[in-house]
file query-v2.txt (compact mmCIF, C-alpha atoms and all ligand atoms)
# COMPACT_ATOMS: atom_id res chain seq x y z
CA MET P 1 -11.68 13.31 54.76
CA SER P 2 -8.21 14.80 55.10
CA LYS P 3 -5.99 13.16 57.68
CA LEU P 4 -5.48 16.54 59.25
CA THR P 5 -9.13 17.46 59.88
CA THR P 6 -9.15 18.93 63.36
CA THR P 7 -10.94 16.33 65.46
CA TRP P 8 -11.96 15.85 69.09
CA TRP P 9 -10.33 12.57 70.17
CA ILE P 10 -12.42 10.95 72.91
CA ILE P 11 -10.24 8.14 74.18
CA PHE P 12 -11.28 5.77 76.93
CA TYR P 13 -9.42 3.05 78.78
CA LYS P 14 -12.32 1.32 80.58
CA ASP P 15 -14.07 4.28 82.31
CA GLN P 16 -10.93 6.46 82.23
CA LEU P 17 -11.07 9.40 79.82
CA LEU P 18 -7.92 10.93 78.33
CA LEU P 19 -7.64 14.69 78.99
CA LYS P 20 -5.10 17.16 77.67
CA LYS P 21 -3.59 19.61 80.12
CA THR P 22 -3.99 23.20 78.96
CA ASP P 23 -2.81 26.57 80.29
CA ASN P 24 -6.07 27.07 82.16
CA GLY P 25 -7.20 23.56 82.98
CA PHE P 26 -8.12 20.48 80.99
CA SER P 27 -9.75 19.63 77.67
CA ILE P 28 -10.58 16.67 75.50
CA PRO P 29 -7.68 16.55 72.99
CA CYS P 30 -8.53 18.35 69.73
CA ALA P 31 -6.02 18.03 66.87
CA GLY P 32 -5.47 16.69 63.36
CA GLN P 33 -3.89 13.47 64.59
CA PRO P 34 -4.92 11.32 67.56
CA PRO P 35 -2.79 12.12 70.65
CA ILE P 36 -1.62 8.50 70.98
CA HIS P 37 -0.72 5.76 68.54
CA ILE P 38 -3.87 4.00 67.31
CA SER P 39 -3.45 0.58 65.73
CA PRO P 40 -4.94 0.28 62.21
CA GLU P 41 -7.57 -2.30 63.22
CA THR P 42 -9.03 -0.04 65.94
CA ASN P 43 -12.72 0.73 65.48
CA ILE P 44 -12.94 4.53 65.44
CA HIS P 45 -16.49 5.70 66.18
CA GLU P 46 -17.98 8.85 64.74
CA ILE P 47 -19.92 10.47 67.57
CA CYS P 48 -21.17 13.94 66.60
CA MET P 49 -19.92 17.46 65.86
CA LEU P 50 -18.71 19.74 68.66
CA ASP P 51 -17.86 23.41 68.02
CA GLY P 52 -17.58 22.70 64.28
CA HIS P 53 -15.23 19.73 64.62
CA PRO P 54 -16.05 16.02 64.40
CA CYS P 55 -15.77 13.92 67.56
CA LYS P 56 -14.32 10.43 67.33
CA ALA P 57 -14.32 7.85 70.10
CA ILE P 58 -11.78 5.11 70.62
CA ALA P 59 -11.48 2.44 73.32
CA ILE P 60 -7.90 1.48 74.16
CA ASP P 61 -6.79 -1.58 76.10
CA TYR P 62 -4.03 0.04 78.13
CA PRO P 63 -4.01 3.25 80.23
CA VAL P 64 -2.06 6.32 79.13
CA GLU P 65 0.47 7.29 81.79
CA GLU P 66 0.18 10.78 83.20
CA SER P 67 2.65 13.25 81.69
CA ASP P 68 3.02 17.03 81.48
CA LYS P 69 0.58 16.93 78.53
CA TYR P 70 -2.04 14.31 79.41
CA MET P 71 -3.86 12.58 82.23
CA MET P 72 -6.69 10.07 82.50
CA THR P 73 -9.66 10.48 84.82
CA GLY P 74 -13.01 8.79 85.36
CA LEU P 75 -15.90 10.13 83.30
CA ARG P 76 -17.80 11.23 86.44
CA ALA P 77 -14.74 13.10 87.73
CA SER P 78 -14.14 14.74 84.35
CA TYR P 79 -17.29 16.83 84.99
CA ASP P 80 -15.18 18.90 87.40
CA PHE P 81 -12.37 19.45 84.90
CA ILE P 82 -13.76 20.08 81.41
CA PRO P 83 -16.50 22.28 79.91
CA LEU P 84 -20.05 20.87 80.22
CA LYS P 85 -20.42 20.31 76.45
CA GLN P 86 -17.25 18.24 76.40
CA TYR P 87 -18.44 16.20 79.41
CA GLN P 88 -21.78 15.54 77.71
CA THR P 89 -20.11 14.53 74.44
CA ALA P 90 -17.72 12.23 76.30
CA GLY P 91 -20.79 10.68 77.93
CA LYS P 92 -22.34 10.01 74.54
CA ALA P 93 -19.04 8.51 73.37
CA ALA P 94 -18.91 6.28 76.47
CA GLU P 95 -22.39 4.98 75.65
CA ILE P 96 -21.43 4.21 72.05
CA LEU P 97 -18.27 2.38 73.17
CA HIS P 98 -20.32 0.43 75.73
CA TRP P 99 -22.77 -0.53 72.99
CA ASP P 100 -19.94 -1.52 70.66
CA ARG P 101 -18.40 -3.84 73.29
CA ASN P 102 -21.77 -5.45 74.00
CA SER P 103 -23.08 -5.94 70.46
CA ARG P 104 -20.27 -7.90 68.84
CA PHE P 105 -22.45 -10.90 68.01
CA CYS P 106 -25.99 -11.19 66.78
CA PRO P 107 -28.28 -12.02 69.75
CA ALA P 108 -30.58 -13.95 67.39
CA CYS P 109 -28.10 -16.23 65.56
CA GLY P 110 -24.63 -15.65 67.05
CA THR P 111 -22.94 -14.33 63.88
CA ALA P 112 -20.41 -11.47 64.19
CA MET P 113 -22.23 -8.15 63.67
CA GLU P 114 -21.11 -5.63 61.03
CA GLN P 115 -21.21 -1.90 61.74
CA LYS P 116 -23.25 -0.18 58.99
CA ALA P 117 -23.68 3.34 60.42
CA PRO P 118 -22.44 5.22 63.50
CA ILE P 119 -25.28 3.81 65.60
CA MET P 120 -26.35 0.76 63.61
CA LYS P 121 -25.01 -2.76 63.23
CA LYS P 122 -26.46 -5.46 61.06
CA CYS P 123 -26.11 -9.23 61.11
CA PRO P 124 -24.83 -10.42 57.70
CA LYS P 125 -26.54 -13.80 58.18
CA CYS P 126 -30.08 -13.10 59.43
CA GLY P 127 -30.39 -9.37 58.84
CA ASN P 128 -31.01 -8.51 62.51
CA GLU P 129 -30.29 -4.83 63.20
CA MET P 130 -28.95 -3.46 66.50
CA TYR P 131 -28.94 0.10 67.83
CA PRO P 132 -27.63 1.44 71.15
CA SER P 133 -30.29 0.80 73.78
CA ILE P 134 -31.04 3.12 76.67
CA SER P 135 -32.22 2.08 80.13
CA THR P 136 -34.80 4.51 81.46
CA ALA P 137 -34.90 5.20 85.17
CA ILE P 138 -37.01 7.53 87.29
CA LEU P 139 -35.99 9.79 90.15
CA VAL P 140 -38.61 11.15 92.50
CA LEU P 141 -38.44 14.00 94.98
CA ILE P 142 -41.13 13.34 97.60
CA ARG P 143 -42.37 16.33 99.59
CA LYS P 144 -44.11 16.08 102.95
CA GLU P 145 -45.00 19.42 104.53
CA ASP P 146 -41.69 21.32 104.74
CA LYS P 147 -39.56 18.18 104.34
CA LEU P 148 -38.23 16.02 101.54
CA LEU P 149 -37.37 12.33 101.51
CA LEU P 150 -33.71 11.40 101.06
CA VAL P 151 -32.42 7.85 101.00
CA HIS P 152 -29.10 6.09 100.82
CA ALA P 153 -29.18 3.24 98.33
CA ARG P 154 -26.76 0.36 98.80
CA ASN P 155 -25.47 0.82 95.23
CA PHE P 156 -24.51 4.51 95.72
CA LYS P 157 -20.83 5.18 95.16
CA GLY P 158 -20.33 7.27 98.30
CA THR P 159 -21.96 8.20 101.59
CA PHE P 160 -24.37 10.81 100.22
CA ASN P 161 -28.17 10.69 100.37
CA SER P 162 -30.36 11.15 97.33
CA LEU P 163 -33.80 10.66 95.83
CA VAL P 164 -35.72 7.42 95.40
CA ALA P 165 -34.88 5.96 91.99
CA GLY P 166 -35.65 2.89 89.94
CA PHE P 167 -35.78 1.41 86.48
CA LEU P 168 -38.79 1.59 84.21
CA GLU P 169 -40.35 -1.82 83.56
CA THR P 170 -41.89 -2.97 80.31
CA GLY P 171 -45.52 -1.98 79.78
CA GLU P 172 -45.41 0.76 82.41
CA THR P 173 -45.86 4.54 82.17
CA LEU P 174 -43.28 6.74 83.84
CA GLU P 175 -45.85 7.85 86.43
CA GLU P 176 -46.77 4.23 87.21
CA CYS P 177 -43.07 3.52 87.61
CA VAL P 178 -42.74 6.41 90.09
CA ALA P 179 -45.68 5.16 92.19
CA ARG P 180 -44.47 1.54 92.12
CA GLU P 181 -40.85 2.30 92.98
CA VAL P 182 -41.83 4.59 95.86
CA LYS P 183 -44.21 1.95 97.24
CA GLU P 184 -41.69 -0.89 96.86
CA GLU P 185 -38.71 0.98 98.30
CA THR P 186 -40.38 3.08 101.02
CA GLY P 187 -43.90 1.75 101.63
CA LEU P 188 -45.30 5.23 100.92
CA ASP P 189 -48.10 6.38 98.62
CA VAL P 190 -47.58 9.54 96.59
CA LYS P 191 -49.82 11.94 94.66
CA ASN P 192 -49.42 14.91 92.30
CA ILE P 193 -46.66 13.13 90.31
CA THR P 194 -45.27 15.87 88.05
CA TYR P 195 -42.47 15.76 85.47
CA PHE P 196 -39.45 17.90 86.33
CA ALA P 197 -36.55 17.29 83.88
CA ASN P 198 -34.41 14.56 82.39
CA GLN P 199 -30.72 13.84 81.91
CA PRO P 200 -28.65 11.34 79.90
CA TRP P 201 -26.79 9.18 82.40
CA PRO P 202 -23.92 7.35 80.72
CA TYR P 203 -23.23 4.91 83.60
CA PRO P 204 -23.30 2.88 81.43
CA SER P 205 -26.22 3.82 79.21
CA GLY P 206 -29.23 5.43 80.79
CA LEU P 207 -31.75 8.23 80.83
CA MET P 208 -32.82 9.64 84.20
CA VAL P 209 -36.30 11.17 84.27
CA GLY P 210 -37.06 13.31 87.30
CA PHE P 211 -40.46 13.77 88.97
CA ILE P 212 -41.77 15.74 91.92
CA ALA P 213 -44.49 14.12 94.07
CA ASP P 214 -46.29 14.76 97.34
CA TYR P 215 -46.66 12.36 100.23
CA ALA P 216 -50.15 10.85 100.26
CA GLY P 217 -50.01 8.24 103.02
CA GLY P 218 -48.24 5.26 104.56
CA GLU P 219 -45.46 4.64 107.07
CA LEU P 220 -41.83 4.90 105.96
CA THR P 221 -40.66 1.29 105.66
CA LEU P 222 -37.36 0.91 103.82
CA GLN P 223 -36.78 -1.99 101.46
CA ASP P 224 -33.70 -3.41 103.13
CA GLU P 225 -32.18 -4.98 99.99
CA GLU P 226 -31.98 -1.64 98.17
CA LEU P 227 -31.83 1.08 100.84
CA SER P 228 -29.62 1.31 103.91
CA SER P 229 -31.20 4.50 105.29
CA GLY P 230 -33.88 7.05 104.54
CA ALA P 231 -35.75 9.87 106.27
CA PHE P 232 -37.61 13.13 105.71
CA TYR P 233 -35.35 16.15 106.13
CA THR P 234 -35.99 19.86 106.55
CA ARG P 235 -33.88 22.45 104.72
CA ASP P 236 -31.83 23.31 107.77
CA ASN P 237 -30.97 19.70 108.55
CA LEU P 238 -29.83 18.18 105.25
CA PRO P 239 -27.35 15.30 105.12
CA GLU P 240 -24.54 14.93 102.54
CA LEU P 241 -26.05 15.44 99.06
CA PRO P 242 -25.14 14.00 95.64
CA ARG P 243 -22.59 15.79 93.47
CA LYS P 244 -23.55 18.71 91.24
CA LEU P 245 -23.45 16.71 87.99
CA SER P 246 -26.56 14.70 88.81
CA LEU P 247 -30.17 15.53 88.05
CA ALA P 248 -30.99 14.42 91.61
CA ARG P 249 -28.84 17.25 92.97
CA LYS P 250 -30.45 19.78 90.59
CA MET P 251 -33.86 18.69 91.88
CA ILE P 252 -32.81 18.91 95.53
CA ASP P 253 -31.29 22.37 94.90
CA TRP P 254 -34.56 23.43 93.22
CA TRP P 255 -36.52 22.26 96.28
CA ILE P 256 -34.17 24.07 98.64
CA GLU P 257 -34.80 27.31 96.74
CA ASN P 258 -38.40 26.92 95.62
CA GLY P 259 -40.16 24.10 97.42
CA LYS P 260 -42.77 24.85 100.01
ZN ZN H 1 -28.15 -12.90 63.09

call {"tool": "encode", "arguments": {"input": "query-v2.txt", "output": "structure tokens", "more": "lines below"}}
Ligand SMILES: [Zn+2]
result
Amino acid sequence: MSKLTTTWWIIFYKDQLLLKKTDNGFSIPCAGQPPIHISPETNIHEICMLDGHPCKAIAIDYPVEESDKYMMTGLRASYDFIPLKQYQTAGKAAEILHWDRNSRFCPACGTAMEQKAPIMKKCPKCGNEMYPSISTAILVLIRKEDKLLLVHARNFKGTFNSLVAGFLETGETLEECVAREVKEETGLDVKNITYFANQPWPYPSGLMVGFIADYAGGELTLQDEELSSGAFYTRDNLPELPRKLSLARKMIDWWIENGK
């Protein structure tokens, strides 16, 4: 490949993404050369193609200072600044970099892993192969008459309220996961569990799968370890909601417009 192939340079310092300032906003840098000096031993990851140009991801161990050309911002915040496709591609890059950091040694024998393909590493000693793994989580919008259930989880980064969520366990279907998480976190039974949509969630490496369900019984009893508040709300009395980038917000907006 020519050194001057126009390339999207997705550069992270921890969760901070490097953005180029443009006449009308911000963009992931796209140029023949990387926008900053990259040491020769840096692992440059091939991510995918975007608008006909390859995307490469690099983790750096120092932040880039803001200038009239560049700034760094958190991946979540970048959603507000750059086109959706760029945000999604940066999310994929963040997941690959997370995987790279966490797969340096073979989990079976402890030998340093060798990267063999963009998403595959192999142990030169025992032959163990590693691929990026994805944690699957469910979100569930629970309807009760003209209300929906919103909760505040202790791990939320902010004061907003959102949907009940939880991680899929081994040996469980997604619908079983929905019923179990709702029961554990709220004490409620639900019925009519129906798939809604899904969304990659690169914080750090997840897939959110959204479901709609109807209240079927039980008293609202919050699991204190996970939830600090929760209640059924009508449309005209909603609390602070999650930001627009999340599937949870898309589901809540759908309910506001279409739910009964
Ligand atoms: Zn090994």

call {"tool": "residues_near_ligand", "arguments": {"input": "query-v2.txt", "ligand": "ligand ZN 1 (chain H)", "cutoff": "8 Å", "atoms": "only C-alpha atoms and all ligand atoms", "output": "PyMOL selection string"}}
result
chain P and resi 105-113+122-128

call {"tool": "residues_around", "arguments": {"input": "query-v2.txt", "residues": "Met71 of chain P", "least_positions_apart": "2", "cutoff": "10 Å", "atoms": "all atoms listed in the file", "output": "PyMOL selection string"}}
result
chain P and resi 16-21+26+63-69+73

call {"tool": "residues_around", "arguments": {"input": "query-v2.txt", "residues": "Asp80 of chain P", "least_positions_apart": "6", "cutoff": "10 Å", "atoms": "all atoms listed in the file", "output": "PyMOL selection string"}}
result
chain P and resi 26+87+244-245

call {"tool": "residues_around", "arguments": {"input": "query-v2.txt", "residues": "segment 42-53 of chain P", "least_positions_apart": "3", "cutoff": "7 Å", "atoms": "all atoms listed in the file", "output": "MDAnalysis selection string"}}
result
chainID P and resid 6:8 38:39 56:58 93 118

call {"tool": "closest_residue", "arguments": {"input": "query-v2.txt", "among": "P:Asp253, P:Leu220, P:Glu169, P:Val140", "to": "Asn198 of chain P", "atoms": "all atoms listed in the file"}}
result
P:Val140

call {"tool": "atom_distance", "arguments": {"input": "query-v2.txt", "atom1": "atom CA of Gly206 of chain P", "atom2": "atom CA of Thr194 of chain P"}}
result
20.5 Å

call {"tool": "atom_distance", "arguments": {"input": "query-v2.txt", "atom1": "atom CA of Gly230 of chain P", "atom2": "atom CA of Thr170 of chain P"}}
result
27.4 Å

call {"tool": "closest_residue", "arguments": {"input": "query-v2.txt", "among": "P:Gly91, P:Pro83, P:Arg76, P:Ile212", "to": "Ile10 of chain P", "atoms": "all atoms listed in the file"}}
result
P:Gly91

call {"tool": "atom_distance", "arguments": {"input": "query-v2.txt", "atom1": "atom CA of Met72 of chain P", "atom2": "atom CA of Pro34 of chain P"}}
result
15.1 Å

call {"tool": "residues_around", "arguments": {"input": "query-v2.txt", "residues": "Tyr215 of chain P", "least_positions_apart": "5", "cutoff": "6 Å", "atoms": "all atoms listed in the file", "output": "list in words"}}
result
Arg143, Lys144 and Val190 of chain P

call {"tool": "axis_aligned_box", "arguments": {"input": "query-v2.txt", "around": "segment 176-187 of chain P", "padding_each_side": "8 Å", "output": "lines of an AutoDock Vina configuration file"}}
result
center_x = -42.7
center_y = 2.8
center_z = 94.4
size_x = 24.1
size_y = 23.3
size_z = 30.4

call {"tool": "residues_around", "arguments": {"input": "query-v2.txt", "residues": "Phe196 of chain P", "least_positions_apart": "6", "cutoff": "10 Å", "atoms": "all atoms listed in the file", "output": "list in words"}}
result
Leu139, Val140, Leu141, Val209, Gly210, Phe211, Ile212, Ala213, Leu247 and Met251 of chain P

call {"tool": "closest_residue", "arguments": {"input": "query-v2.txt", "among": "P:Ile11, P:Ala197, P:Ala216, P:Leu222", "to": "Ile60 of chain P", "atoms": "only C-alpha atoms"}}
result
P:Ile11

call {"tool": "decode", "arguments": {"input": "query-v2.txt", "residues": "segment 72-107 of chain P", "atoms": "N, CA and C atoms", "output": "mmCIF file, in the first residue's frame"}}
result
data_model
loop_
_atom_site.group_PDB
_atom_site.id
_atom_site.type_symbol
_atom_site.label_atom_id
_atom_site.label_comp_id
_atom_site.auth_asym_id
_atom_site.auth_seq_id
_atom_site.Cartn_x
_atom_site.Cartn_y
_atom_site.Cartn_z
ATOM 1 N N MET P 72 -9.349 16.549 21.482
ATOM 2 C CA MET P 72 -9.738 15.197 21.883
ATOM 3 C C MET P 72 -11.031 15.286 22.669
ATOM 4 N N THR P 73 -11.884 14.266 22.493
ATOM 5 C CA THR P 73 -13.133 14.220 23.248
ATOM 6 C C THR P 73 -13.487 12.766 23.508
ATOM 7 N N GLY P 74 -14.292 12.529 24.541
ATOM 8 C CA GLY P 74 -14.715 11.166 24.845
ATOM 9 C C GLY P 74 -15.529 10.587 23.691
ATOM 10 N N LEU P 75 -15.491 9.281 23.554
ATOM 11 C CA LEU P 75 -16.233 8.640 22.454
ATOM 12 C C LEU P 75 -17.727 8.963 22.540
ATOM 13 N N ARG P 76 -18.303 8.870 23.754
ATOM 14 C CA ARG P 76 -19.735 9.182 23.906
ATOM 15 C C ARG P 76 -20.029 10.597 23.413
ATOM 16 N N ALA P 77 -19.192 11.546 23.844
ATOM 17 C CA ALA P 77 -19.423 12.949 23.484
ATOM 18 C C ALA P 77 -19.227 13.178 21.985
ATOM 19 N N SER P 78 -18.383 12.371 21.355
ATOM 20 C CA SER P 78 -18.107 12.577 19.928
ATOM 21 C C SER P 78 -19.367 12.399 19.081
ATOM 22 N N TYR P 79 -20.360 11.661 19.625
ATOM 23 C CA TYR P 79 -21.633 11.469 18.924
ATOM 24 C C TYR P 79 -22.255 12.817 18.549
ATOM 25 N N ASP P 80 -22.044 13.814 19.396
ATOM 26 C CA ASP P 80 -22.642 15.134 19.150
ATOM 27 C C ASP P 80 -21.856 15.952 18.123
ATOM 28 N N PHE P 81 -20.649 15.518 17.803
ATOM 29 C CA PHE P 81 -19.769 16.352 16.979
ATOM 30 C C PHE P 81 -19.560 15.837 15.566
ATOM 31 N N ILE P 82 -19.563 14.518 15.376
ATOM 32 C CA ILE P 82 -19.163 13.957 14.073
ATOM 33 C C ILE P 82 -20.324 13.182 13.449
ATOM 34 N N PRO P 83 -20.266 12.958 12.127
ATOM 35 C CA PRO P 83 -21.341 12.205 11.470
ATOM 36 C C PRO P 83 -21.514 10.815 12.090
ATOM 37 N N LEU P 84 -22.754 10.290 12.047
ATOM 38 C CA LEU P 84 -23.071 9.019 12.704
ATOM 39 C C LEU P 84 -22.153 7.885 12.257
ATOM 40 N N LYS P 85 -21.876 7.800 10.944
ATOM 41 C CA LYS P 85 -21.012 6.719 10.433
ATOM 42 C C LYS P 85 -19.629 6.791 11.076
ATOM 43 N N GLN P 86 -19.120 7.997 11.243
ATOM 44 C CA GLN P 86 -17.796 8.147 11.852
ATOM 45 C C GLN P 86 -17.843 7.724 13.318
ATOM 46 N N TYR P 87 -18.929 8.113 14.020
ATOM 47 C CA TYR P 87 -19.080 7.705 15.426
ATOM 48 C C TYR P 87 -19.124 6.181 15.540
ATOM 49 N N GLN P 88 -19.898 5.547 14.647
ATOM 50 C CA GLN P 88 -20.017 4.084 14.700
ATOM 51 C C GLN P 88 -18.677 3.410 14.407
ATOM 52 N N THR P 89 -17.938 3.947 13.446
ATOM 53 C CA THR P 89 -16.644 3.363 13.095
ATOM 54 C C THR P 89 -15.642 3.563 14.234
ATOM 55 N N ALA P 90 -15.695 4.735 14.863
ATOM 56 C CA ALA P 90 -14.825 4.973 16.022
ATOM 57 C C ALA P 90 -15.173 4.000 17.145
ATOM 58 N N GLY P 91 -16.458 3.669 17.285
ATOM 59 C CA GLY P 91 -16.872 2.699 18.296
ATOM 60 C C GLY P 91 -16.284 1.325 18.015
ATOM 61 N N LYS P 92 -16.326 0.930 16.747
ATOM 62 C CA LYS P 92 -15.726 -0.357 16.370
ATOM 63 C C LYS P 92 -14.220 -0.337 16.674
ATOM 64 N N ALA P 93 -13.569 0.768 16.326
ATOM 65 C CA ALA P 93 -12.132 0.896 16.588
ATOM 66 C C ALA P 93 -11.848 0.808 18.086
ATOM 67 N N ALA P 94 -12.698 1.450 18.900
ATOM 68 C CA ALA P 94 -12.500 1.412 20.353
ATOM 69 C C ALA P 94 -12.599 -0.024 20.870
ATOM 70 N N GLU P 95 -13.512 -0.805 20.277
ATOM 71 C CA GLU P 95 -13.654 -2.201 20.709
ATOM 72 C C GLU P 95 -12.424 -3.028 20.330
ATOM 73 N N ILE P 96 -11.887 -2.773 19.140
ATOM 74 C CA ILE P 96 -10.688 -3.505 18.704
ATOM 75 C C ILE P 96 -9.494 -3.142 19.592
ATOM 76 N N LEU P 97 -9.356 -1.857 19.921
ATOM 77 C CA LEU P 97 -8.237 -1.438 20.774
ATOM 78 C C LEU P 97 -8.392 -2.019 22.182
ATOM 79 N N HIS P 98 -9.624 -2.079 22.673
ATOM 80 C CA HIS P 98 -9.892 -2.694 23.981
ATOM 81 C C HIS P 98 -9.493 -4.172 23.957
ATOM 82 N N TRP P 99 -9.885 -4.849 22.883
ATOM 83 C CA TRP P 99 -9.527 -6.265 22.729
ATOM 84 C C TRP P 99 -8.005 -6.431 22.666
ATOM 85 N N ASP P 100 -7.353 -5.562 21.916
ATOM 86 C CA ASP P 100 -5.899 -5.667 21.762
ATOM 87 C C ASP P 100 -5.200 -5.540 23.122
ATOM 88 N N ARG P 101 -5.641 -4.558 23.928
ATOM 89 C CA ARG P 101 -5.044 -4.348 25.259
ATOM 90 C C ARG P 101 -5.259 -5.549 26.168
ATOM 91 N N ASN P 102 -6.391 -6.241 25.974
ATOM 92 C CA ASN P 102 -6.768 -7.305 26.907
ATOM 93 C C ASN P 102 -6.546 -8.708 26.364
ATOM 94 N N SER P 103 -5.751 -8.827 25.323
ATOM 95 C CA SER P 103 -5.482 -10.169 24.767
ATOM 96 C C SER P 103 -4.003 -10.286 24.437
ATOM 97 N N ARG P 104 -3.166 -9.701 25.295
ATOM 98 C CA ARG P 104 -1.727 -9.705 24.993
ATOM 99 C C ARG P 104 -1.101 -11.067 25.250
ATOM 100 N N PHE P 105 -1.668 -11.815 26.199
ATOM 101 C CA PHE P 105 -1.101 -13.122 26.530
ATOM 102 C C PHE P 105 -2.157 -14.213 26.408
ATOM 103 N N CYS P 106 -1.713 -15.372 26.056
ATOM 104 C CA CYS P 106 -2.617 -16.501 25.880
ATOM 105 C C CYS P 106 -3.262 -16.860 27.230
ATOM 106 N N PRO P 107 -4.608 -16.885 27.304
ATOM 107 C CA PRO P 107 -5.247 -17.231 28.582
ATOM 108 C C PRO P 107 -5.062 -18.694 28.958
#
